[in-house]
Structures are given as C-alpha cells and as structure tokens.
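Chemist: Following this line is structure20.txt, made up of compact mmCIF, C-alpha atoms:
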# COMPACT_ATOMS: atom_id res chain seq x y z
CA MET A 9 0.00 0.00 0.00
CA LYS A 10 1.40 3.37 -1.02
CA PRO A 11 1.78 6.13 1.56
CA ILE A 12 -0.71 8.97 1.37
CA ASN A 13 0.46 11.85 -0.78
CA PRO A 14 -0.56 15.11 0.97
CA VAL A 15 -0.99 16.99 -2.32
CA SER A 16 -3.29 14.27 -3.68
CA LEU A 17 -5.32 14.35 -0.48
CA ILE A 18 -5.67 18.15 -0.68
CA GLN A 19 -6.82 17.83 -4.30
CA LEU A 20 -9.29 15.05 -3.42
CA LYS A 21 -10.77 17.04 -0.55
CA ALA A 22 -11.07 20.19 -2.68
CA PHE A 23 -13.03 18.35 -5.37
CA ALA A 24 -15.10 16.55 -2.73
CA ARG A 25 -16.00 19.91 -1.12
CA GLN A 26 -17.21 21.28 -4.45
CA ASP A 27 -19.17 18.16 -5.25
CA GLY A 28 -20.44 17.97 -1.68
CA ALA A 29 -21.84 21.47 -2.16
CA ILE A 30 -23.58 20.29 -5.34
CA LEU A 31 -25.00 17.27 -3.50
CA GLY A 32 -26.04 19.42 -0.54
CA LEU A 33 -27.95 21.74 -2.87
CA PHE A 34 -29.50 18.71 -4.58
CA TRP A 35 -30.69 17.38 -1.20
CA THR A 36 -31.97 20.84 -0.28
CA ALA A 37 -34.02 20.98 -3.49
CA SER A 38 -35.37 17.49 -2.82
CA PHE A 39 -36.30 18.44 0.75
CA ALA A 40 -37.99 21.65 -0.42
CA LEU A 41 -40.02 19.73 -2.99
CA MET A 42 -41.06 17.25 -0.32
CA ILE A 43 -42.25 20.05 1.97
CA LEU A 44 -43.92 22.17 -0.72
CA PHE A 45 -45.42 19.36 -2.82
CA PRO A 46 -45.75 16.26 -0.62
CA ALA A 47 -47.74 14.28 -3.20
CA ASN A 48 -45.17 14.89 -5.95
CA ALA A 49 -42.95 11.92 -6.83
CA LEU A 50 -39.97 14.08 -7.79
CA SER A 51 -38.57 14.38 -4.25
CA PRO A 52 -38.26 10.62 -3.63
CA LEU A 53 -36.91 10.21 -7.15
CA MET A 54 -34.20 12.76 -6.39
CA ALA A 55 -33.30 10.88 -3.21
CA VAL A 56 -32.93 7.65 -5.19
CA ALA A 57 -30.79 9.51 -7.75
CA THR A 58 -28.22 10.50 -5.12
CA PRO A 59 -25.76 7.62 -5.77
CA PHE A 60 -25.94 8.29 -9.50
CA LEU A 61 -25.18 11.98 -8.97
CA VAL A 62 -22.20 11.12 -6.77
CA GLY A 63 -21.00 8.51 -9.26
CA TRP A 64 -21.27 11.03 -12.09
CA ARG A 65 -19.26 13.61 -10.09
CA LEU A 66 -16.67 10.94 -9.20
CA LYS A 67 -16.36 10.07 -12.89
CA SER A 68 -15.82 13.74 -13.65
CA PHE A 69 -13.10 13.96 -10.97
CA ARG A 70 -11.47 10.77 -12.24
CA ASP A 71 -11.52 11.77 -15.90
CA ASN A 72 -10.73 15.48 -15.62
CA ALA A 73 -8.37 15.70 -12.63
CA LEU A 74 -6.80 12.25 -12.60
CA GLU A 75 -6.47 11.56 -16.32
CA GLY A 76 -8.98 8.71 -16.23
CA HIS A 77 -7.39 6.64 -13.45
CA ILE A 78 -8.51 6.23 -9.84
CA SER A 79 -7.94 3.49 -7.30
CA PHE A 80 -10.73 2.05 -5.19
CA ARG A 81 -9.20 3.62 -2.09
CA ARG A 82 -9.11 7.11 -3.59
CA ALA A 83 -12.60 6.73 -5.09
CA PHE A 84 -13.90 5.57 -1.71
CA ALA A 85 -12.26 8.49 0.12
CA TYR A 86 -13.60 10.99 -2.42
CA THR A 87 -17.13 9.58 -2.09
CA VAL A 88 -17.08 9.52 1.72
CA TYR A 89 -15.80 13.12 1.81
CA THR A 90 -18.46 14.20 -0.70
CA PHE A 91 -21.24 12.73 1.41
CA PHE A 92 -19.70 14.22 4.56
CA TYR A 93 -19.55 17.75 3.15
CA ALA A 94 -23.06 17.44 1.68
CA ALA A 95 -24.39 16.26 5.04
CA ILE A 96 -22.90 19.28 6.81
CA ILE A 97 -24.37 21.72 4.28
CA PHE A 98 -27.75 20.01 4.38
CA ALA A 99 -27.75 19.96 8.19
CA PHE A 100 -27.14 23.71 8.21
CA VAL A 101 -30.11 24.20 5.86
CA GLN A 102 -32.27 21.94 8.02
CA VAL A 103 -31.39 23.84 11.21
CA ILE A 104 -32.56 27.05 9.58
CA TYR A 105 -35.69 25.36 8.23
CA PHE A 106 -36.70 23.66 11.48
CA GLN A 107 -35.86 26.68 13.63
CA PHE A 108 -37.51 29.42 11.58
CA LEU A 109 -39.73 28.04 8.81
CA ASP A 110 -41.27 24.70 9.73
CA HIS A 111 -43.80 25.53 12.47
CA GLY A 112 -44.75 21.83 12.66
CA THR A 113 -45.26 21.19 8.94
CA PHE A 114 -42.70 18.38 8.64
CA PHE A 115 -43.94 16.51 11.69
CA ASN A 116 -47.57 16.95 10.66
CA MET A 117 -46.63 15.36 7.33
CA LEU A 118 -45.11 12.42 9.21
CA ARG A 119 -48.24 12.05 11.35
CA ALA A 120 -50.44 12.18 8.22
CA ALA A 121 -48.31 9.53 6.53
CA ILE A 122 -48.61 7.28 9.59
CA ALA A 123 -52.38 7.80 9.72
CA GLN A 124 -52.73 7.14 6.00
CA GLY A 125 -50.70 3.94 6.16
CA ALA A 126 -52.01 2.77 9.55
CA ASP A 127 -53.58 -0.42 8.17
CA VAL A 128 -50.39 -1.36 6.33
CA TYR A 129 -48.29 -0.67 9.43
CA ARG A 130 -50.59 -2.80 11.60
CA GLN A 131 -50.43 -5.67 9.09
CA ALA A 132 -46.64 -5.44 9.19
CA GLY A 133 -46.74 -5.69 12.99
CA PHE A 134 -45.95 -2.08 13.85
CA ASP A 135 -47.59 -0.28 16.75
CA VAL A 136 -49.19 2.75 15.07
CA ASP A 137 -49.64 4.57 18.38
CA GLY A 138 -45.97 3.97 19.14
CA LEU A 139 -44.98 5.43 15.78
CA SER A 140 -47.07 8.52 16.45
CA ALA A 141 -45.53 8.87 19.89
CA SER A 142 -42.07 8.60 18.30
CA VAL A 143 -42.91 11.51 15.98
CA ASP A 144 -44.01 13.57 19.00
CA THR A 145 -40.75 12.79 20.79
CA PHE A 146 -38.74 13.55 17.67
CA GLN A 147 -40.45 16.93 17.32
CA GLN A 148 -39.57 17.89 20.90
CA LEU A 149 -35.83 17.50 20.25
CA GLY A 150 -35.34 20.94 18.73
CA ALA A 151 -33.97 22.09 15.40
CA ILE A 152 -30.27 21.43 16.03
CA ASN A 153 -30.84 17.93 17.38
CA VAL A 154 -33.18 16.97 14.54
CA ALA A 155 -30.74 18.28 11.94
CA PHE A 156 -27.87 16.49 13.71
CA MET A 157 -29.76 13.20 13.60
CA PHE A 158 -30.41 13.61 9.87
CA MET A 159 -26.77 14.58 9.34
CA MET A 160 -25.52 11.43 11.07
CA GLN A 161 -27.97 9.33 9.07
CA ASN A 162 -26.73 10.90 5.82
CA ILE A 163 -23.09 10.29 6.75
CA VAL A 164 -23.72 6.62 7.60
CA ILE A 165 -25.76 6.04 4.44
CA GLY A 166 -23.07 7.86 2.44
CA PHE A 167 -20.38 5.64 3.91
CA ILE A 168 -22.35 2.54 2.94
CA LEU A 169 -23.11 3.85 -0.57
CA ALA A 170 -19.45 4.81 -1.04
CA LEU A 171 -18.46 1.13 -1.23
CA PRO A 172 -20.40 0.21 -4.38
CA ILE A 173 -19.92 3.62 -5.97
CA ALA A 174 -16.13 3.41 -5.55
CA ALA A 175 -16.07 -0.20 -6.70
CA ILE A 176 -17.99 0.63 -9.88
CA MET A 177 -16.11 3.85 -10.69
CA LYS A 178 -12.53 2.75 -9.97
CA LYS A 179 -10.31 2.54 -13.01
CA ALA A 180 -6.69 1.49 -13.03
Kindly present the structure from the file in structure tokens form.

Modeler:
Amino acid sequence: MKPINPVSLIQLKAFARQDGAILGLFWTASFALMILFPANALSPLMAVATPFLVGWRLKSFRDNALEGHISFRRAFAYTVYTFFYAAIIFAFVQVIYFQFLDHGTFFNMLRAAIAQGADVYRQAGFDVDGLSASVDTFQQLGAINVAFMFMMQNIVIGFILALPIAAIMKKA
C-alpha cells in the first residue's frame, strides 16, 4: 500500500468539497419539494438519484483531474468526503428550516403519513400509536438535534453507498 500523498489528499478534498456542495444543494431541493409538494414523486426520485449523482461527479473527478485513473481507495475516500460535506451543508439548511420556517409542517406530514398507512403498518406488525408517539418525541428534540440526527444518518448512508460507488467507478 502506497503512503498517502498530501498533495493528492488536498486535491481530493477540494473536489469533494465542491461536489459535496452540489450534492447538498441537490438534497436541499429534494427536501424543499417534499415540503412544498408532498404528493409529488420528484422528491423521492431525487433521493434515489443520489448515488448516481455522486457517481457522475466521481467520474468527472477521475476523468478530468486524474487523467482517467482512480484506485478504489481514492474513489472511496472521495465519495465519503463528498457525502460528509453534503451532510454538513444540508444539516445547516435543516437547522434554519426547522428553527424558523417549519412551524410543525414536517412533523404533521409524518403524522399524516402514519395515519394514511395505519392499516399497512398494523399488518406489518408495527404499533401505530408507538410510531405517532415517536414523531411527538422527535419533534420535541429541537432544530439542532433533529438536523444532527439527519446529518448522522446521511453520513452513515453515504459511507455505505461509497463502497459500491467506488467499486464501480474505480479505473486502473
């Protein structure tokens, strides 16, 4: 295993910051669509498109900055950093949203979704009252704590998604 080249790491992190900003804006747009148009299918579609967006940005980094070659390790590091930076940006946006703009809208949407799918949840063995109580508890956490929980979730999911993305996009 080669030692880490500091210049390469600086370059990787710089590109990951830029692409993390793109991903953070993408998540912000998806979140805004979910809040403004809850019945629209575009928001969930954008969420599903996240790995493809990151893979496309990784391909751009590989082809334009690295002359078409990237190891799995470097692709994995780039992807993890991209998700990390996007999660921080998106958490900042969510703190602002939950603190100043939400006024219960998000949690009311969750409660409505639980009520609408109550029969399905019961058939699957879930306690619908427990789910509703969880939403109430979640709402009482405050804007920073809610955003922090989403940020940690995004980082963990990004770490998991980084494995297949890096494996697919690596090129010797």

Chemist: Could you tell me which of A:Leu41, A:Val62, A:Ala24, A:Val15 comes closest to Gly166 of chain A if we count only C-alpha atoms?

Modeler: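 Selected residue with least distance to Gly166 of chain A: A:Val62.
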
Chemist: Let me know the centre plus edge lengths, in Å and rounded to one decimal, of a box with edges along x, y and z that contains all listed atoms of segment 162-171 of chain A and is padded by 8 Å on every side, as JSON.

Modeler:
{"center_x": -22.6, "center_y": 6.0, "center_z": 3.2, "size_x": 24.3, "size_y": 25.8, "size_z": 24.8}

Chemist: Near Leu171 of chain A, counting only C-alpha atoms, which residues have an atom at most 10 Å away, once you skip same-chain residues fewer than 2 positions from it, shown as a VMD selection string?

Modeler: chain A and resid 80 to 81 83 to 85 87 to 88 166 to 169 173 to 176

Chemist: Smallest atom-to-atom distance to Ser79 of chain A: which of A:Leu33, A:Ala141, A:Leu118, A:Leu66, using all atoms listed in the file?

Modeler: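 Looking only at the distances to Ser79 of chain A, the closest residue turns out to be A:Leu66.
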
Chemist: Taking only C-alpha atoms into account, which of A:Ala29, A:Met159, A:Ile18, A:Ile165 comes nearest Tyr93 of chain A?

Modeler: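 Checking each of A:Ala29, A:Met159, A:Ile18, A:Ile165 against Tyr93 of chain A, counting only C-alpha atoms, the winner is A:Ala29.
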
Chemist: Between A:Val154, A:Val128, A:Leu44, A:Ala49, which one has atoms that come closest to Ile104 of chain A, using only C-alpha atoms?

Modeler: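 The closest residue to Ile104 of chain A is A:Val154.
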
Chemist: Which protein, DNA or RNA residues are at most 12 Å from (-46.6, 23.7, 2.9) in the file's coordinates when you count only C-alpha atoms, listed as a list in words?

Modeler: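 The requested residues, written out, are Phe39, Ala40, Leu41, Met42, Ile43, Leu44, Phe45, Pro46, Ala47, Leu109, Asp110, His111, Gly112, Thr113, Phe114, Phe115, Asn116 and Met117 of chain A.
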
Chemist: For each of A:Phe91, A:Leu149, A:Phe100, A:Lys179, take the minimum atom-to-atom distance to Glu75 of chain A, counting all atoms listed in the file, then give the residue where this is smallest.

Modeler: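 When distances to Glu75 of chain A are compared using all atoms listed in the file, the smallest one comes from A:Lys179.
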
Chemist: Report, in Å with one decimal, the straight-line distance from atom CA of Phe92 of chain A to atom CA of Leu53 of chain A.

Modeler: 21.2 Å

Chemist: By how many Å are atom CA of Met54 of chain A and atom CA of Ile30 of chain A apart?

Modeler: 13.1 Å

Chemist: How many Å lie between atom CA of Val143 of chain A and atom CA of Phe108 of chain A, rounded to one decimal?

Modeler: 19.2 Å

Chemist: In terms of the shortest atom-to-atom distance over only C-alpha atoms, which of A:Ala99, A:Val164, A:Ala121, A:Met157 is closest to Ser140 of chain A?

Modeler: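 Looking at the shortest contact to Ser140 of chain A, the residue is A:Ala121.
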
Chemist: Here's a test: counting all atoms listed in the file, identify every protein, DNA and RNA residue with an atom at most 10 Å from (-29.0, 19.0, -6.1) in the file's coordinate frame, and state them as a list of chain:residue names.

Modeler: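 Those within range, by chain then number, are A:Asp27, A:Gly28, A:Ala29, A:Ile30, A:Leu31, A:Gly32, A:Leu33, A:Phe34, A:Trp35, A:Thr36, A:Ala37, A:Ser38, A:Met54, A:Ala55, A:Ala57, A:Thr58, A:Leu61, A:Ala94.
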
Chemist: Using the partial input, fill out segment 18-38 of chain A with N, CA and C atoms; write the result as a PDB file, keeping the file's coordinate frame.

Modeler:
ATOM      1  N   ILE A  18      -5.147  16.780  -0.597  1.00  0.00           N
ATOM      2  CA  ILE A  18      -5.670  18.150  -0.680  1.00  0.00           C
ATOM      3  C   ILE A  18      -6.534  18.298  -1.924  1.00  0.00           C
ATOM      4  N   GLN A  19      -6.060  17.767  -3.050  1.00  0.00           N
ATOM      5  CA  GLN A  19      -6.820  17.830  -4.300  1.00  0.00           C
ATOM      6  C   GLN A  19      -8.144  17.072  -4.159  1.00  0.00           C
ATOM      7  N   LEU A  20      -8.090  15.865  -3.594  1.00  0.00           N
ATOM      8  CA  LEU A  20      -9.290  15.050  -3.420  1.00  0.00           C
ATOM      9  C   LEU A  20     -10.307  15.780  -2.562  1.00  0.00           C
ATOM     10  N   LYS A  21      -9.853  16.350  -1.446  1.00  0.00           N
ATOM     11  CA  LYS A  21     -10.770  17.040  -0.550  1.00  0.00           C
ATOM     12  C   LYS A  21     -11.355  18.301  -1.196  1.00  0.00           C
ATOM     13  N   ALA A  22     -10.571  18.987  -2.004  1.00  0.00           N
ATOM     14  CA  ALA A  22     -11.070  20.190  -2.680  1.00  0.00           C
ATOM     15  C   ALA A  22     -12.196  19.827  -3.659  1.00  0.00           C
ATOM     16  N   PHE A  23     -11.981  18.784  -4.446  1.00  0.00           N
ATOM     17  CA  PHE A  23     -13.030  18.350  -5.370  1.00  0.00           C
ATOM     18  C   PHE A  23     -14.237  17.821  -4.606  1.00  0.00           C
ATOM     19  N   ALA A  24     -13.997  17.092  -3.525  1.00  0.00           N
ATOM     20  CA  ALA A  24     -15.100  16.550  -2.730  1.00  0.00           C
ATOM     21  C   ALA A  24     -15.915  17.685  -2.090  1.00  0.00           C
ATOM     22  N   ARG A  25     -15.253  18.764  -1.682  1.00  0.00           N
ATOM     23  CA  ARG A  25     -16.000  19.910  -1.120  1.00  0.00           C
ATOM     24  C   ARG A  25     -16.910  20.517  -2.171  1.00  0.00           C
ATOM     25  N   GLN A  26     -16.386  20.713  -3.373  1.00  0.00           N
ATOM     26  CA  GLN A  26     -17.210  21.280  -4.450  1.00  0.00           C
ATOM     27  C   GLN A  26     -18.388  20.369  -4.769  1.00  0.00           C
ATOM     28  N   ASP A  27     -18.111  19.091  -4.900  1.00  0.00           N
ATOM     29  CA  ASP A  27     -19.170  18.160  -5.250  1.00  0.00           C
ATOM     30  C   ASP A  27     -20.102  17.901  -4.071  1.00  0.00           C
ATOM     31  N   GLY A  28     -19.588  18.028  -2.855  1.00  0.00           N
ATOM     32  CA  GLY A  28     -20.440  17.970  -1.680  1.00  0.00           C
ATOM     33  C   GLY A  28     -21.410  19.138  -1.648  1.00  0.00           C
ATOM     34  N   ALA A  29     -20.950  20.307  -2.088  1.00  0.00           N
ATOM     35  CA  ALA A  29     -21.840  21.470  -2.160  1.00  0.00           C
ATOM     36  C   ALA A  29     -22.941  21.222  -3.197  1.00  0.00           C
ATOM     37  N   ILE A  30     -22.577  20.626  -4.323  1.00  0.00           N
ATOM     38  CA  ILE A  30     -23.580  20.290  -5.340  1.00  0.00           C
ATOM     39  C   ILE A  30     -24.597  19.308  -4.768  1.00  0.00           C
ATOM     40  N   LEU A  31     -24.102  18.266  -4.089  1.00  0.00           N
ATOM     41  CA  LEU A  31     -25.000  17.270  -3.500  1.00  0.00           C
ATOM     42  C   LEU A  31     -25.857  17.878  -2.399  1.00  0.00           C
ATOM     43  N   GLY A  32     -25.272  18.742  -1.587  1.00  0.00           N
ATOM     44  CA  GLY A  32     -26.040  19.420  -0.540  1.00  0.00           C
ATOM     45  C   GLY A  32     -27.170  20.259  -1.111  1.00  0.00           C
ATOM     46  N   LEU A  33     -26.896  20.956  -2.203  1.00  0.00           N
ATOM     47  CA  LEU A  33     -27.950  21.740  -2.870  1.00  0.00           C
ATOM     48  C   LEU A  33     -29.011  20.824  -3.484  1.00  0.00           C
ATOM     49  N   PHE A  34     -28.576  19.702  -4.008  1.00  0.00           N
ATOM     50  CA  PHE A  34     -29.500  18.710  -4.580  1.00  0.00           C
ATOM     51  C   PHE A  34     -30.433  18.185  -3.485  1.00  0.00           C
ATOM     52  N   TRP A  35     -29.878  17.854  -2.318  1.00  0.00           N
ATOM     53  CA  TRP A  35     -30.690  17.380  -1.200  1.00  0.00           C
ATOM     54  C   TRP A  35     -31.631  18.482  -0.710  1.00  0.00           C
ATOM     55  N   THR A  36     -31.140  19.715  -0.703  1.00  0.00           N
ATOM     56  CA  THR A  36     -31.970  20.840  -0.280  1.00  0.00           C
ATOM     57  C   THR A  36     -33.168  20.996  -1.219  1.00  0.00           C
ATOM     58  N   ALA A  37     -32.924  20.885  -2.519  1.00  0.00           N
ATOM     59  CA  ALA A  37     -34.020  20.980  -3.490  1.00  0.00           C
ATOM     60  C   ALA A  37     -35.010  19.830  -3.294  1.00  0.00           C
ATOM     61  N   SER A  38     -34.501  18.639  -3.056  1.00  0.00           N
ATOM     62  CA  SER A  38     -35.370  17.490  -2.820  1.00  0.00           C
ATOM     63  C   SER A  38     -36.206  17.682  -1.566  1.00  0.00           C
TER      64      SER A  38
END
